[in-house]
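my_file38.cif follows (mmCIF, C-alpha atoms):
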```cif
data_data
#
loop_
_atom_site.label_atom_id
_atom_site.label_comp_id
_atom_site.auth_asym_id
_atom_site.auth_seq_id
_atom_site.Cartn_x
_atom_site.Cartn_y
_atom_site.Cartn_z
CA MET A 1 19.16 11.50 1.83
CA ASN A 2 16.71 8.66 2.11
CA ASP A 3 15.59 7.51 -1.33
CA GLN A 4 12.35 5.95 -0.14
CA ILE A 5 9.48 7.68 -1.94
CA PHE A 6 5.88 7.68 -0.72
CA GLU A 7 2.99 8.35 -3.08
CA THR A 8 0.76 10.82 -1.32
CA VAL A 9 -1.60 13.63 -2.25
CA ILE A 10 -0.72 17.24 -1.50
CA THR A 11 -3.59 19.67 -1.01
CA THR A 12 -2.90 23.39 -1.15
CA CYS A 13 -4.91 26.61 -1.33
CA SER A 14 -4.21 29.68 -3.43
CA PRO A 15 -4.18 33.04 -1.59
CA GLU A 16 -7.77 33.41 -2.88
CA GLY A 17 -8.72 30.08 -1.28
CA ALA A 18 -8.97 27.92 -4.43
CA VAL A 19 -8.17 24.31 -3.49
CA HIS A 20 -5.65 22.31 -5.54
CA VAL A 21 -5.28 18.53 -5.26
CA ALA A 22 -2.06 16.95 -6.58
CA PRO A 23 -0.70 13.40 -6.26
CA MET A 24 2.96 13.70 -5.40
CA GLY A 25 5.85 11.42 -4.48
CA VAL A 26 7.45 12.72 -1.28
CA ARG A 27 10.45 11.90 0.86
CA TYR A 28 10.54 11.90 4.66
CA VAL A 29 13.88 13.26 5.84
CA GLY A 30 14.21 13.45 9.59
CA GLU A 31 11.17 15.34 10.82
CA GLU A 32 10.68 17.09 7.49
CA VAL A 33 8.76 16.33 4.30
CA VAL A 34 10.56 17.04 1.04
CA LEU A 35 8.67 17.86 -2.18
CA LYS A 36 10.22 18.29 -5.61
CA PRO A 37 7.45 19.58 -7.89
CA PHE A 38 8.16 19.91 -11.61
CA ARG A 39 7.60 23.43 -12.95
CA PRO A 40 5.05 24.66 -13.84
CA SER A 41 3.20 23.54 -10.71
CA ARG A 42 0.14 24.95 -9.02
CA THR A 43 1.25 23.19 -5.84
CA LEU A 44 4.58 25.04 -6.02
CA ASP A 45 2.85 28.39 -6.61
CA ASN A 46 0.46 27.83 -3.71
CA VAL A 47 3.17 26.68 -1.27
CA LEU A 48 5.38 29.64 -2.13
CA ALA A 49 2.44 32.02 -1.65
CA THR A 50 0.96 30.56 1.54
CA ARG A 51 3.90 28.58 2.99
CA THR A 52 1.28 25.94 3.86
CA ALA A 53 0.33 22.52 2.50
CA VAL A 54 -1.44 19.38 3.73
CA LEU A 55 0.00 15.93 3.07
CA ASN A 56 -2.70 13.27 2.72
CA THR A 57 -2.00 9.55 2.96
CA ILE A 58 -4.75 7.65 1.21
CA THR A 59 -5.75 4.19 0.07
CA ASP A 60 -8.68 5.41 -2.05
CA VAL A 61 -6.81 5.05 -5.32
CA ARG A 62 -9.61 6.73 -7.26
CA VAL A 63 -7.77 9.96 -6.42
CA PHE A 64 -4.61 8.78 -8.22
CA ALA A 65 -6.50 7.34 -11.20
CA GLY A 66 -8.85 10.32 -11.25
CA CYS A 67 -6.15 12.98 -11.25
CA VAL A 68 -4.43 11.45 -14.32
CA THR A 69 -7.77 11.17 -16.15
CA GLY A 70 -9.07 14.69 -15.57
CA ARG A 71 -10.95 14.21 -12.30
CA ARG A 72 -9.59 16.70 -9.78
CA ASN A 73 -12.70 17.63 -7.84
CA TRP A 74 -12.32 15.65 -4.60
CA SER A 75 -14.14 16.21 -1.32
CA THR A 76 -12.04 18.04 1.22
CA SER A 77 -12.38 18.99 4.86
CA THR A 78 -10.86 21.82 6.86
CA VAL A 79 -7.57 21.29 8.66
CA ASP A 80 -7.08 23.49 11.72
CA THR A 81 -4.05 25.75 11.55
CA PRO A 82 -2.38 27.52 14.52
CA ASP A 83 -2.86 30.96 12.91
CA GLY A 84 -6.28 30.32 11.39
CA SER A 85 -4.99 30.49 7.81
CA PRO A 86 -6.92 28.30 5.35
CA ALA A 87 -5.88 24.65 4.89
CA VAL A 88 -7.79 21.62 3.67
CA GLY A 89 -7.17 17.89 3.42
CA LEU A 90 -8.87 15.16 1.44
CA ALA A 91 -12.02 13.79 3.03
CA CYS A 92 -10.85 10.24 2.22
CA ALA A 93 -7.39 10.62 3.80
CA HIS A 94 -6.25 8.27 6.54
CA VAL A 95 -3.91 10.96 7.82
CA HIS A 96 -3.69 14.74 7.40
CA VAL A 97 -0.26 16.23 8.03
CA LEU A 98 -0.26 20.02 8.16
CA LEU A 99 3.02 21.28 6.69
CA ARG A 100 4.80 24.65 6.87
CA LEU A 101 7.44 25.66 4.33
CA VAL A 102 10.89 26.07 5.89
CA ASP A 103 13.23 26.16 2.90
CA VAL A 104 13.27 26.35 -0.90
CA ALA A 105 16.26 25.24 -2.98
CA GLU A 106 15.62 26.89 -6.33
CA ASP A 107 15.97 24.99 -9.58
CA PRO A 108 14.73 25.93 -13.04
CA GLN A 109 13.04 22.53 -13.56
CA ARG A 110 12.44 21.10 -10.13
CA PRO A 111 12.92 23.12 -6.95
CA THR A 112 13.24 21.30 -3.62
CA LEU A 113 10.80 22.30 -0.89
CA ARG A 114 11.50 21.36 2.73
CA LEU A 115 8.43 21.50 4.96
CA ALA A 116 8.06 21.02 8.69
CA ARG A 117 5.30 18.90 10.21
CA VAL A 118 3.10 21.28 12.21
CA ARG A 119 0.32 18.88 13.13
CA GLU A 120 -0.72 15.33 12.29
CA VAL A 121 -4.29 14.05 12.53
CA GLN A 122 -5.01 10.33 12.24
CA ARG A 123 -8.50 10.06 10.78
CA SER A 124 -8.92 6.37 9.97
CA ALA A 125 -6.90 3.21 10.40
CA PHE A 126 -4.74 1.80 7.59
CA PRO A 127 -6.65 -1.35 6.53
CA GLY A 128 -3.59 -3.18 5.13
CA PHE A 129 -2.22 -3.68 1.64
CA ASN A 130 -4.62 -4.32 -1.21
CA ARG A 131 -2.90 -5.63 -4.33
CA ALA A 132 -5.51 -4.07 -6.61
CA GLN A 133 -4.79 -0.63 -5.12
CA ALA A 134 -1.11 -1.06 -5.94
CA ALA A 135 -2.08 -2.15 -9.47
CA VAL A 136 -4.24 0.96 -9.94
CA LEU A 137 -1.35 3.13 -8.77
CA GLU A 138 0.99 1.49 -11.29
CA GLY A 139 -1.70 1.85 -13.96
CA ALA A 140 -2.01 5.56 -13.14
CA VAL A 141 1.76 5.93 -13.62
CA LEU A 142 1.42 4.25 -17.03
CA VAL A 143 -1.49 6.47 -18.05
CA SER A 144 0.48 9.58 -17.07
CA ARG A 145 3.15 8.43 -19.58
CA LEU A 146 0.89 7.34 -22.46
CA HIS A 147 2.58 9.78 -24.83
CA LEU A 148 6.03 8.37 -23.97
CA LEU A 149 5.49 4.62 -23.94
CA PRO A 150 4.97 2.16 -26.83
CA PRO A 151 1.43 0.68 -26.96
CA GLU A 152 2.72 -2.90 -26.57
CA LYS A 153 4.40 -2.00 -23.28
CA ILE A 154 1.19 -0.39 -22.01
CA ASP A 155 -0.81 -3.47 -23.03
CA SER A 156 1.52 -6.00 -21.47
CA GLU A 157 1.83 -4.10 -18.19
CA MET A 158 -1.92 -3.47 -17.95
CA ALA A 159 -2.51 -7.20 -18.58
CA TYR A 160 -0.12 -8.07 -15.76
CA LEU A 161 -1.73 -5.57 -13.39
CA GLN A 162 -5.21 -6.83 -14.31
CA ILE A 163 -4.48 -10.08 -12.45
CA ALA A 164 -4.28 -8.39 -9.05
CA VAL A 165 -7.34 -6.28 -9.90
CA ASP A 166 -9.36 -9.39 -10.75
CA LYS A 167 -8.28 -11.14 -7.56
CA THR A 168 -8.47 -8.43 -4.91
CA ALA A 169 -10.37 -5.33 -6.06
CA GLY A 170 -13.41 -3.82 -4.40
CA ALA A 171 -15.80 -1.33 -5.97
CA ALA A 172 -13.48 1.68 -5.61
CA GLU A 173 -10.56 -0.09 -7.28
CA LEU A 174 -12.78 -1.34 -10.13
CA GLU A 175 -14.05 2.18 -10.74
CA ALA A 176 -10.51 3.58 -10.79
CA TRP A 177 -9.31 0.79 -13.08
CA ALA A 178 -12.12 1.49 -15.55
CA TRP A 179 -11.10 5.18 -15.70
CA LEU A 180 -7.55 4.12 -16.61
CA GLN A 181 -8.75 1.71 -19.30
CA GLU A 182 -11.01 4.41 -20.78
CA ALA A 183 -8.11 6.86 -20.87
CA ILE A 184 -5.94 4.37 -22.77
CA ALA A 185 -8.73 3.68 -25.28
CA ARG A 186 -9.37 7.41 -25.72
CA HIS A 187 -5.66 8.06 -26.31
CA ARG A 188 -5.73 5.52 -29.14
CA ALA A 189 -9.00 6.56 -30.74
CA PRO A 190 -8.53 8.42 -34.03
CA ALA A 191 -9.24 12.12 -33.74
CA LEU A 192 -12.68 13.16 -34.99
CA GLY A 193 -12.56 13.94 -38.67
CA SER A 194 -9.29 12.12 -39.30
CA ALA A 195 -9.23 9.23 -41.78
CA MET B 1 -19.76 -10.60 0.10
CA ASN B 2 -17.18 -7.91 -0.59
CA ASP B 3 -14.37 -9.34 -2.72
CA GLN B 4 -11.80 -6.76 -1.67
CA ILE B 5 -8.88 -8.59 -0.06
CA PHE B 6 -6.36 -6.95 2.27
CA GLU B 7 -2.92 -8.45 2.83
CA THR B 8 -2.36 -8.41 6.57
CA VAL B 9 -0.50 -10.44 9.16
CA ILE B 10 -2.40 -12.55 11.70
CA THR B 11 -0.69 -13.21 15.01
CA THR B 12 -2.02 -15.98 17.24
CA CYS B 13 -0.91 -17.85 20.35
CA SER B 14 -1.18 -21.55 21.07
CA PRO B 15 -2.81 -22.54 24.41
CA GLU B 16 0.79 -22.92 25.69
CA GLY B 17 1.59 -19.34 24.62
CA ALA B 18 3.72 -20.05 21.52
CA VAL B 19 3.39 -17.12 19.11
CA HIS B 20 2.62 -17.75 15.44
CA VAL B 21 2.99 -15.09 12.73
CA ALA B 22 1.19 -15.65 9.42
CA PRO B 23 0.64 -13.31 6.45
CA MET B 24 -2.97 -13.70 5.39
CA GLY B 25 -5.37 -12.13 2.93
CA VAL B 26 -8.52 -11.10 4.80
CA ARG B 27 -11.93 -9.68 3.97
CA TYR B 28 -13.78 -7.01 5.94
CA VAL B 29 -17.48 -7.82 5.97
CA GLY B 30 -19.56 -5.36 7.94
CA GLU B 31 -17.94 -5.13 11.35
CA GLU B 32 -16.34 -8.55 11.04
CA VAL B 33 -13.05 -9.87 9.71
CA VAL B 34 -13.22 -13.04 7.63
CA LEU B 35 -10.27 -15.46 7.38
CA LYS B 36 -10.11 -18.50 5.13
CA PRO B 37 -6.94 -20.38 6.12
CA PHE B 38 -5.89 -23.39 4.03
CA ARG B 39 -5.56 -26.57 6.07
CA PRO B 40 -3.20 -27.50 7.66
CA SER B 41 -2.83 -24.14 9.40
CA ARG B 42 -1.29 -23.25 12.73
CA THR B 43 -3.34 -20.05 12.66
CA LEU B 44 -6.52 -22.14 12.31
CA ASP B 45 -5.49 -24.45 15.18
CA ASN B 46 -4.68 -21.50 17.43
CA VAL B 47 -7.88 -19.58 16.65
CA LEU B 48 -10.02 -22.66 17.25
CA ALA B 49 -8.23 -23.31 20.56
CA THR B 50 -8.13 -19.75 21.93
CA ARG B 51 -10.91 -18.02 19.92
CA THR B 52 -8.48 -15.07 19.74
CA ALA B 53 -6.30 -13.51 17.05
CA VAL B 54 -4.69 -10.15 16.31
CA LEU B 55 -4.86 -8.58 12.87
CA ASN B 56 -1.82 -6.46 12.07
CA THR B 57 -1.73 -3.92 9.25
CA ILE B 58 1.86 -3.29 8.25
CA THR B 59 4.01 -1.54 5.67
CA ASP B 60 7.25 -3.22 6.79
CA VAL B 61 7.25 -5.69 3.91
CA ARG B 62 10.19 -7.60 5.38
CA VAL B 63 7.53 -9.57 7.25
CA PHE B 64 5.92 -10.73 3.98
CA ALA B 65 9.24 -11.45 2.26
CA GLY B 66 10.63 -13.00 5.43
CA CYS B 67 7.74 -15.38 6.05
CA VAL B 68 8.04 -16.87 2.52
CA THR B 69 11.82 -17.26 2.93
CA GLY B 70 11.92 -18.96 6.32
CA ARG B 71 12.09 -15.92 8.62
CA ARG B 72 9.20 -16.11 11.07
CA ASN B 73 10.75 -14.72 14.22
CA TRP B 74 9.35 -11.17 14.35
CA SER B 75 9.25 -8.83 17.34
CA THR B 76 5.88 -8.72 19.01
CA SER B 77 4.26 -6.72 21.77
CA THR B 78 1.43 -7.55 24.13
CA VAL B 79 -2.13 -6.64 23.17
CA ASP B 80 -4.45 -6.07 26.13
CA THR B 81 -7.48 -8.37 26.20
CA PRO B 82 -10.66 -7.86 28.26
CA ASP B 83 -10.24 -11.20 30.04
CA GLY B 84 -6.45 -11.11 30.37
CA SER B 85 -5.94 -14.03 27.97
CA PRO B 86 -2.67 -13.85 26.02
CA ALA B 87 -2.55 -11.94 22.73
CA VAL B 88 0.31 -10.33 20.84
CA GLY B 89 0.70 -8.14 17.78
CA LEU B 90 3.68 -7.31 15.60
CA ALA B 91 5.92 -4.58 16.98
CA CYS B 92 6.05 -3.00 13.49
CA ALA B 93 2.27 -2.90 12.97
CA HIS B 94 0.52 0.39 12.24
CA VAL B 95 -2.67 -1.02 13.73
CA HIS B 96 -3.48 -3.93 16.07
CA VAL B 97 -7.03 -5.23 15.83
CA LEU B 98 -7.91 -7.69 18.57
CA LEU B 99 -10.30 -10.30 17.16
CA ARG B 100 -12.63 -12.81 18.78
CA LEU B 101 -13.95 -15.87 16.92
CA VAL B 102 -17.71 -15.77 16.43
CA ASP B 103 -18.34 -18.46 13.80
CA VAL B 104 -16.67 -21.28 11.89
CA ALA B 105 -18.01 -22.64 8.60
CA GLU B 106 -16.26 -25.98 8.29
CA ASP B 107 -14.64 -27.06 5.05
CA PRO B 108 -12.16 -29.89 4.44
CA GLN B 109 -9.73 -27.57 2.56
CA ARG B 110 -10.50 -24.07 3.66
CA PRO B 111 -12.85 -23.30 6.56
CA THR B 112 -14.26 -19.77 6.90
CA LEU B 113 -13.67 -18.00 10.21
CA ARG B 114 -15.74 -14.97 11.15
CA LEU B 115 -14.18 -12.82 13.85
CA ALA B 116 -15.50 -9.79 15.68
CA ARG B 117 -13.39 -6.68 16.30
CA VAL B 118 -12.94 -6.40 20.05
CA ARG B 119 -10.49 -3.53 20.16
CA GLU B 120 -8.43 -1.51 17.71
CA VAL B 121 -5.21 0.29 18.58
CA GLN B 122 -3.65 2.75 16.13
CA ARG B 123 0.07 2.66 16.80
CA SER B 124 1.61 4.66 13.97
CA ALA B 125 0.38 6.66 11.01
CA PHE B 126 0.14 5.19 7.52
CA PRO B 127 2.94 6.96 5.62
CA GLY B 128 1.35 6.55 2.17
CA PHE B 129 1.93 4.13 -0.69
CA ASN B 130 5.46 3.07 -1.53
CA ARG B 131 5.73 1.38 -4.92
CA ALA B 132 8.70 -0.72 -3.81
CA GLN B 133 6.65 -2.14 -0.93
CA ALA B 134 3.97 -3.23 -3.39
CA ALA B 135 6.68 -4.78 -5.58
CA VAL B 136 8.08 -6.74 -2.63
CA LEU B 137 4.59 -8.01 -1.82
CA GLU B 138 4.13 -9.19 -5.43
CA GLY B 139 7.59 -10.73 -5.32
CA ALA B 140 6.68 -12.60 -2.13
CA VAL B 141 3.59 -13.99 -3.88
CA LEU B 142 5.84 -15.20 -6.72
CA VAL B 143 8.34 -16.80 -4.33
CA SER B 144 5.53 -18.61 -2.53
CA ARG B 145 4.67 -20.19 -5.93
CA LEU B 146 8.18 -21.00 -7.17
CA HIS B 147 7.32 -24.69 -7.48
CA LEU B 148 4.26 -23.89 -9.64
CA LEU B 149 5.52 -21.21 -12.04
CA PRO B 150 7.85 -21.46 -15.06
CA PRO B 151 11.26 -19.80 -14.52
CA GLU B 152 10.74 -17.39 -17.45
CA LYS B 153 7.57 -16.05 -15.84
CA ILE B 154 9.37 -15.53 -12.53
CA ASP B 155 12.23 -13.75 -14.30
CA SER B 156 10.06 -11.44 -16.36
CA GLU B 157 7.84 -10.48 -13.42
CA MET B 158 10.80 -9.91 -11.08
CA ALA B 159 12.42 -7.72 -13.77
CA TYR B 160 9.23 -5.65 -14.02
CA LEU B 161 8.96 -5.31 -10.24
CA GLN B 162 12.65 -4.37 -10.00
CA ILE B 163 11.85 -1.01 -11.66
CA ALA B 164 9.72 0.20 -8.74
CA VAL B 165 12.29 -1.16 -6.26
CA ASP B 166 15.09 0.77 -7.94
CA LYS B 167 13.03 3.97 -8.01
CA THR B 168 11.38 4.06 -4.60
CA ALA B 169 12.87 1.55 -2.13
CA GLY B 170 14.38 2.37 1.24
CA ALA B 171 16.63 0.09 3.29
CA ALA B 172 13.82 -2.19 4.51
CA GLU B 173 12.48 -2.80 1.02
CA LEU B 174 15.98 -3.49 -0.35
CA GLU B 175 16.61 -6.03 2.41
CA ALA B 176 13.29 -7.77 1.71
CA TRP B 177 13.93 -7.76 -2.05
CA ALA B 178 17.36 -9.36 -1.54
CA TRP B 179 15.75 -12.18 0.50
CA LEU B 180 13.37 -12.87 -2.39
CA GLN B 181 16.17 -12.89 -4.96
CA GLU B 182 18.22 -15.27 -2.78
CA ALA B 183 15.24 -17.61 -2.46
CA ILE B 184 14.81 -17.74 -6.24
CA ALA B 185 18.52 -18.44 -6.75
CA ARG B 186 18.47 -21.14 -4.06
CA HIS B 187 15.43 -22.78 -5.65
CA ARG B 188 17.36 -23.06 -8.92
CA ALA B 189 20.70 -24.18 -7.52
CA PRO B 190 21.41 -27.86 -8.21
CA ALA B 191 21.08 -29.98 -5.10
CA LEU B 192 24.38 -30.84 -3.46
CA GLY B 193 25.79 -34.01 -4.94
CA SER B 194 23.51 -33.94 -8.00
CA ALA B 195 24.79 -33.75 -11.60
#
```
The structure in this file should be written as structure tokens.
Amino acid sequence: MNDQIFETVITTCSPEGAVHVAPMGVRYVGEEVVLKPFRPSRTLDNVLATRTAVLNTITDVRVFAGCVTGRRNWSTSTVDTPDGSPAVGLACAHVHVLLRLVDVAEDPQRPTLRLARVREVQRSAFPGFNRAQAAVLEGAVLVSRLHLLPPEKIDSEMAYLQIAVDKTAGAAELEAWAWLQEAIARHRAPALGSA
Amino acid sequence: MNDQIFETVITTCSPEGAVHVAPMGVRYVGEEVVLKPFRPSRTLDNVLATRTAVLNTITDVRVFAGCVTGRRNWSTSTVDTPDGSPAVGLACAHVHVLLRLVDVAEDPQRPTLRLARVREVQRSAFPGFNRAQAAVLEGAVLVSRLHLLPPEKIDSEMAYLQIAVDKTAGAAELEAWAWLQEAIARHRAPALGSA
């Protein structure tokens, strides 16, 4: 198995049509996409119920920073499916890959889902690496682990990542970076009513 | 002017047809691409002579790591031009953007080149972020500044970047990372016959 992991966003729909947006590290194995969601997982529930998902490759890192700071309401657009069943992708995605579940390896913590690529739509060209985007992604990983990491480690890594933000960010990256900084400050603020 | 900088690779040809491959941070301003090469620059010479360049967006970070460690011989493929003049792009590029020089703002250190997008060819889909690729890119920046940075800073930043490499790299990223580590070791090795 290839260990290369790509940070993408998986969009799924519940049987009732409620959209769920989840950043997820995926593996590409042959022609298949492999997901290993941690239980409990709305993505897992939706894929098991509908056997359908859309993989989005994005460079708008506000989605990553937003999802770890409580912002999950992202614009989506319809993805055509062969049988007309509902599927949506992120409006900001460079690529939508429509996926169909082919196999589930059960696991109490982290089942493995193998999905086949049904259709791939290139929507916009990859503009190249932006170091600030990579810094925001790393910052989002840190923020998702605030309760596990010592404050000094958070501070030193955020300071290191700040350099690439200062040098190469545009408006979207600055907005995402500010969300991460706010989340760190909020995590450290004393609870209301405490000493 | 938008400050967002994208790390791309610019391929140019000399009037005699010799290909030159150069990683370069670029800005997208309106419909134009803006390059600011530091003199002396083969890319600058070639663009001034031919008024043509190809912007390549890539995720094969061996090109970035390779170019800072003496590996500049990358596979290219022909890019069609309206007037039949020679142009090539990297074989590994996701996108080739054929560029035509429209303006030069002279500067003794760093002239500003404004280029128009003539044609854009999407060759392969962006697979999503890979944290190891971003780490290799940061490592390549460090290696390009080995003569300027204290060894402790290099070591601590490479150790930090190693985490993402260990977690998410595939074969290409591991190869690129090894080139960077070799270059750091070589930089520190005592010169033959010294001591």
Dump as a tab-separated table (two decimals) with C-alpha atoms, keeping the file's coordinate frame the residues of chain B that approach chain A to within 8 Å, counting all atoms listed in the file.
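This is the output file out_38.tsv:
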```
chain	number	residue	atom	x	y	z
B	2	ASN	CA	-17.18	-7.91	-0.59
B	3	ASP	CA	-14.37	-9.34	-2.72
B	4	GLN	CA	-11.80	-6.76	-1.67
B	5	ILE	CA	-8.88	-8.59	-0.06
B	6	PHE	CA	-6.36	-6.95	2.27
B	7	GLU	CA	-2.92	-8.45	2.83
B	8	THR	CA	-2.36	-8.41	6.57
B	56	ASN	CA	-1.82	-6.46	12.07
B	57	THR	CA	-1.73	-3.92	9.25
B	58	ILE	CA	1.86	-3.29	8.25
B	59	THR	CA	4.01	-1.54	5.67
B	94	HIS	CA	0.52	0.39	12.24
B	95	VAL	CA	-2.67	-1.02	13.73
B	122	GLN	CA	-3.65	2.75	16.13
B	125	ALA	CA	0.38	6.66	11.01
B	126	PHE	CA	0.14	5.19	7.52
B	127	PRO	CA	2.94	6.96	5.62
B	128	GLY	CA	1.35	6.55	2.17
B	129	PHE	CA	1.93	4.13	-0.69
B	130	ASN	CA	5.46	3.07	-1.53
B	131	ARG	CA	5.73	1.38	-4.92
B	134	ALA	CA	3.97	-3.23	-3.39
B	138	GLU	CA	4.13	-9.19	-5.43
B	167	LYS	CA	13.03	3.97	-8.01
B	168	THR	CA	11.38	4.06	-4.60
B	169	ALA	CA	12.87	1.55	-2.13
B	170	GLY	CA	14.38	2.37	1.24
```
From atom CA of A:Ser144 to atom CA of A:Val88 the spacing works out at 25.4 Å
Evaluate the PyMOL selection byres ((chain A and resi 51) around 9) on the structure here and hand back the selected residues as a ChimeraX atom specification.
/A:46-50,52-53,99-102,115
As a check of understanding, name the residues that the PyMOL selection byres ((chain A and resi 90) around 7) selects in the supplied structure, as a PDB file with C-alpha atoms, in the frame of the given file.
```
ATOM      1  CA  ASN A  56      -2.700  13.270   2.720  1.00  0.00           C
ATOM      2  CA  TRP A  74     -12.320  15.650  -4.600  1.00  0.00           C
ATOM      3  CA  SER A  75     -14.140  16.210  -1.320  1.00  0.00           C
ATOM      4  CA  THR A  76     -12.040  18.040   1.220  1.00  0.00           C
ATOM      5  CA  SER A  77     -12.380  18.990   4.860  1.00  0.00           C
ATOM      6  CA  VAL A  88      -7.790  21.620   3.670  1.00  0.00           C
ATOM      7  CA  GLY A  89      -7.170  17.890   3.420  1.00  0.00           C
ATOM      8  CA  ALA A  91     -12.020  13.790   3.030  1.00  0.00           C
ATOM      9  CA  CYS A  92     -10.850  10.240   2.220  1.00  0.00           C
ATOM     10  CA  ALA A  93      -7.390  10.620   3.800  1.00  0.00           C
TER      11      ALA A  93
END
```
To one decimal place in Å, what is the distance between atom CA of B:Thr12 and atom CA of B:Leu180?
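Between atom CA of B:Thr12 and atom CA of B:Leu180 the gap is 25.1 Å.
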So how far away is atom CA of B:Arg42 from atom CA of B:Ile154, in Å?
28.5 Å
Spatial neighbours of A:Asn73, max dist 9 Å, only C-alpha atoms, sep filter under 5 positions, as a list in words:
His20, Val21, Gly66 and Cys67 of chain A
With all atoms listed in the file as the counted atoms, please give the residues lying no more than 10 Å from A:Arg188, apart from itself and same-chain residues fewer than 5 positions off, as a CSV table (one decimal) with C-alpha atoms, in the coordinates of the input.
```csv
chain,number,residue,atom,x,y,z
A,146,LEU,CA,0.9,7.3,-22.5
A,151,PRO,CA,1.4,0.7,-27.0
A,182,GLU,CA,-11.0,4.4,-20.8
A,183,ALA,CA,-8.1,6.9,-20.9
```
Kindly compute an axis-aligned box around the listed atoms of stretch 29-47 of chain A, allowing 8 Å on each side, and express its centre and edge lengths in Å to one decimal as lines of an AutoDock Vina configuration file.
```
center_x = 7.2
center_y = 20.8
center_z = -1.5
size_x = 30.1
size_y = 31.1
size_z = 40.7
```
With only C-alpha atoms as the atoms that count, which of B:Asp103, B:Met158, B:Pro150, B:Arg119 lies nearest to B:Val34?
B:Asp103
Identify the residues around (12.8, 24.9, -10.3) within a radius of 9 Å, measuring from all atoms listed in the file in the coordinates stated by the file, and give them as a PyMOL selection string.
chain A and resi 36-40+105-112
Skipping near chain neighbours, those fewer than 3 positions away, what residues fall within 10 Å of A:Glu16 using only C-alpha atoms, listed as a VMD selection string?
chain A and resid 13 19 46 86
Once all heavy atoms are restored for stretch 178-182 of chain B, what would the output be as a JSON list (two decimals), keeping the file's coordinate frame?
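Output file out_19.json follows:
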```json
[["chain", "number", "residue", "atom", "x", "y", "z"],
["B", 178, "ALA", "N", 16.19, -8.47, -1.47],
["B", 178, "ALA", "CA", 17.36, -9.36, -1.54],
["B", 178, "ALA", "C", 17.00, -10.76, -1.04],
["B", 178, "ALA", "O", 17.45, -11.77, -1.60],
["B", 178, "ALA", "CB", 18.51, -8.78, -0.73],
["B", 179, "TRP", "N", 16.18, -10.86, 0.01],
["B", 179, "TRP", "CA", 15.75, -12.18, 0.50],
["B", 179, "TRP", "C", 14.99, -12.95, -0.60],
["B", 179, "TRP", "O", 15.15, -14.16, -0.75],
["B", 179, "TRP", "CB", 14.83, -12.03, 1.71],
["B", 179, "TRP", "CG", 15.48, -11.49, 2.94],
["B", 179, "TRP", "CD1", 16.83, -11.39, 3.18],
["B", 179, "TRP", "CD2", 14.82, -10.96, 4.09],
["B", 179, "TRP", "NE1", 17.03, -10.83, 4.42],
["B", 179, "TRP", "CE2", 15.83, -10.56, 5.00],
["B", 179, "TRP", "CE3", 13.49, -10.78, 4.45],
["B", 179, "TRP", "CZ2", 15.53, -10.00, 6.23],
["B", 179, "TRP", "CZ3", 13.18, -10.22, 5.67],
["B", 179, "TRP", "CH2", 14.20, -9.83, 6.56],
["B", 180, "LEU", "N", 14.14, -12.22, -1.33],
["B", 180, "LEU", "CA", 13.37, -12.87, -2.39],
["B", 180, "LEU", "C", 14.29, -13.35, -3.51],
["B", 180, "LEU", "O", 14.15, -14.47, -4.01],
["B", 180, "LEU", "CB", 12.31, -11.91, -2.94],
["B", 180, "LEU", "CG", 11.24, -11.45, -1.94],
["B", 180, "LEU", "CD1", 10.33, -10.41, -2.57],
["B", 180, "LEU", "CD2", 10.43, -12.62, -1.40],
["B", 181, "GLN", "N", 15.25, -12.50, -3.89],
["B", 181, "GLN", "CA", 16.17, -12.89, -4.96],
["B", 181, "GLN", "C", 17.02, -14.10, -4.56],
["B", 181, "GLN", "O", 17.24, -15.01, -5.36],
["B", 181, "GLN", "CB", 17.07, -11.70, -5.31],
["B", 181, "GLN", "CG", 16.30, -10.58, -5.99],
["B", 181, "GLN", "CD", 17.19, -9.39, -6.32],
["B", 181, "GLN", "OE1", 17.94, -8.91, -5.47],
["B", 181, "GLN", "NE2", 17.11, -8.90, -7.55],
["B", 182, "GLU", "N", 17.45, -14.11, -3.28],
["B", 182, "GLU", "CA", 18.22, -15.27, -2.78],
["B", 182, "GLU", "C", 17.38, -16.54, -2.84],
["B", 182, "GLU", "O", 17.87, -17.62, -3.18],
["B", 182, "GLU", "CB", 18.63, -15.03, -1.32],
["B", 182, "GLU", "CG", 19.76, -14.05, -1.12],
["B", 182, "GLU", "CD", 19.83, -13.57, 0.33],
["B", 182, "GLU", "OE1", 19.23, -14.23, 1.22],
["B", 182, "GLU", "OE2", 20.45, -12.51, 0.55]]
```
